[in-house]
Each structure stands twice: as structure tokens, then as C-alpha cells.
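Notes follow once the structure below has been shown.
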Amino acid sequence: MRSRAQHVTEWHMLLTECGATMAAAWTFDTTDPAAVQLVITAKPLPVPWTMSRALLRDGLCAHRLSPAGEGDIQLHTRMGVLGNAQPDLRGVRRPILVIDLAPPGHHVRLFMEALIAQSFLRRTYGVVTEGRERNIMVQQVAAAVDWFQQVQS
């Protein structure tokens, strides 16, 4: 029996180094429980960046001395102020998630409230508990092998 895929999505705004904003969404799908995606709404098509949940968790760790990640995606948290239209929050230092993306030949640095990413990550762990990713993937592979063998016979 196959379990139904579950999804978690959290929309928010990213801030670029030059101060521009862009809509983005964190997404999680139980068919790939070890990964999350940051989907940036760019024109003409959205741009998805896939990373492990562990990388997001490590990037949100305020006690890290260096960014989490070694490849095209690096994350770290720092205290700072993001542009905020709410008068009571202007100038308030808060945890900010810094997202460095390095597509071939480029580098993009984006910022977002770390609390938004933490909330999203917590919601994904509510769907698939940390450490269960491997068991789910093994079950999915076993189900696919069973299905394939039934089709072949």
C-alpha cells in the first residue's frame, strides 16, 4: 500500500543585496523526504534550488562559525535588520538567514527572516521526523521494485 505524498509550502519575500525583493517559497514533498526546495519566482520561469533538510538546519544554527554547505548553496545566520514596513519593527536586529547561491559563473546573495525558515523546517519535521528520511526512501524503493516485478510477470 502506497502512502499519499504530503507537501509543505511556505511563501515569503527574499531581499537581494541591492535591496530588491522577490517572492519565493520553501517547499517540501514527502516523495523526497531528505530534501527541501527554495523556489524563487523569477521571470520567465520560477527557479528551484534543491538542498538537504540537514543543510537548511545547519545553516539556521546561530552558533556556526562558517557557512553551512560546500557547493552551489551556502547558508548562515547572522543578526541584522531587514527592511520592514511595520513601524514597530524598523531598526530591530533579528536573526537573518543569508542564502548564497552560485550558479555557474555567478553569485547571488539573498536574505530572509530566519524565523520563517525555522518555522518551515519545523513543519517539515512534523510531517517526516528527523532521521526517518532513509526509512521512507528504502520503503519507496522497495515499493517501486515490487511494482516493477509485478509489471514484468
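Going through the C-alpha cells in order, the chains are called A, B, and so on, while each chain numbers its residues from 1 and the ligands are numbered from 1 in the order shown.
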Note to self: DSSP on the backbone: which residues in chain A end up as strand (DSSP E)? Give the answer as JSON, numbers by chain.
What the structure shows: {"A": [7, 8, 9, 10, 11, 12, 13, 14, 15, 16, 21, 22, 23, 24, 25, 26, 27, 28, 29, 35, 36, 37, 38, 39, 40, 47, 48, 49, 50, 51, 52, 73, 74, 75, 76, 77, 78, 79, 80, 94, 95, 96, 97, 98, 99, 100, 101, 108, 109, 110, 111, 112, 113]}
Write out as a Markdown table a residue-level contact list of region 22-63 of chain A versus region 68-72 of chain A with cut-off 9 Å: for each qualifying residue the closest pair of atoms and the distance in Å to one decimal, counting only C-alpha atoms, rows sorted by chain and residue number upward.
```
| residue | atom | partner | partner_atom | distance |
| --- | --- | --- | --- | --- |
| A:Leu55 | CA | A:Ala68 | CA | 6.3 |
| A:Leu56 | CA | A:Ala68 | CA | 8.1 |
| A:Arg57 | CA | A:Ala68 | CA | 9.0 |
| A:Asp58 | CA | A:Ala68 | CA | 5.9 |
| A:Gly59 | CA | A:Ala68 | CA | 5.0 |
| A:Leu60 | CA | A:Ala68 | CA | 8.7 |
| A:Cys61 | CA | A:Ala68 | CA | 8.9 |
```
Notebook entry, point to check: What does the distance between CA of Thr27 (chain A) and CA of Val39 (chain A) come to in Å, to one decimal place?
Noted result: 7.5 Å
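Remark: for Leu121 (chain A), the closest of the candidate residues A:Pro33, A:Pro103, A:Pro46, A:Gly19 is A:Pro33 (distances computed over only C-alpha atoms).
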Margin query: Can you measure CA of Ile73 (chain A) to CA of Leu101 (chain A) for me? One decimal in Å is fine.
Written below: 4.9 Å
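Of the residues listed (A:Arg94, A:His107, A:Gly126, A:Ile99), A:Ile99 shows the shortest atom-to-atom separation from Leu38 (chain A); distances use only C-alpha atoms.
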Notebook entry, point to check: Near Leu15 (chain A), counting only C-alpha atoms, which residues have an atom at most 8 Å away, once you skip same-chain residues fewer than 5 positions from it, shown as a list in words?
Noted result: Ala20, Thr21, Met22, Leu82, Leu110, Phe111 and Met112 of chain A
Checklist line | Of the listed residues A:Leu75, A:Ala25, A:Leu14, A:Asp32, that which approaches Ala102 (chain A) most closely, counting only C-alpha atoms | finding: A:Leu75
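Counting from CA of Leu65 (chain A), the distance to CA of Met51 (chain A) is 20.3 Å.
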Margin query: Can you tell me, as a PyMOL selection string, which residues in region 4-108 of chain A count as alpha helix (DSSP H) by DSSP?
Written below: chain A and resi 53-59
List as an mmCIF file with N, CA and C atoms, in the first residue's frame the protein and nucleic acid residues near Val36 (chain A), meaning an atom at most 7 Å away when only C-alpha atoms are counted, but skip any in the same chain fewer than 3 places from it.
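Output below, filename around_12.cif:
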```
data_model
loop_
_atom_site.group_PDB
_atom_site.id
_atom_site.type_symbol
_atom_site.label_atom_id
_atom_site.label_comp_id
_atom_site.auth_asym_id
_atom_site.auth_seq_id
_atom_site.Cartn_x
_atom_site.Cartn_y
_atom_site.Cartn_z
ATOM 1 N N TRP A 26 9.466 28.098 0.182
ATOM 2 C CA TRP A 26 10.109 26.868 0.638
ATOM 3 C C TRP A 26 9.107 25.764 0.370
ATOM 4 N N THR A 27 9.534 24.653 -0.221
ATOM 5 C CA THR A 27 8.635 23.529 -0.449
ATOM 6 C C THR A 27 9.282 22.241 0.045
ATOM 7 N N PHE A 28 8.437 21.331 0.489
ATOM 8 C CA PHE A 28 8.864 20.019 0.968
ATOM 9 C C PHE A 28 7.847 19.016 0.472
ATOM 10 N N THR A 50 17.371 23.045 -4.900
ATOM 11 C CA THR A 50 17.138 21.912 -4.017
ATOM 12 C C THR A 50 18.331 21.731 -3.098
ATOM 13 N N MET A 51 18.027 21.507 -1.811
ATOM 14 C CA MET A 51 19.081 21.270 -0.820
ATOM 15 C C MET A 51 18.557 20.268 0.196
ATOM 16 N N SER A 52 19.439 19.718 0.982
ATOM 17 C CA SER A 52 19.005 18.784 2.015
ATOM 18 C C SER A 52 18.381 19.546 3.181
ATOM 19 N N ARG A 53 17.485 18.882 3.879
ATOM 20 C CA ARG A 53 16.928 19.495 5.088
ATOM 21 C C ARG A 53 18.038 19.719 6.105
#
```
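Restricting the calculation to only C-alpha atoms, the smallest distance between Met13 (chain A) and any of A:Ile40, A:Val127, A:Met79, A:Ala35 is found for A:Ile40.
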Check: When distances are computed from only C-alpha atoms, which of A:Pro95, A:Pro104, A:Pro48, A:Gly131 shows the smallest separation from His63 (chain A)?
Finding: A:Pro95
Note to self: Set the distance at 10 Å and use only C-alpha atoms: which residues neighbour Asp29 (chain A) once local chain neighbours fewer than 6 positions away are removed? I'd like the list as an MDAnalysis selection string.
What the structure shows: chainID A and resid 5:9 35:37 124 127:128
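Using only C-alpha atoms, the shortest contact distance between His12 (chain A) and any of A:Thr31, A:Ser119, A:Gln152, A:Gln74 is found at A:Ser119.
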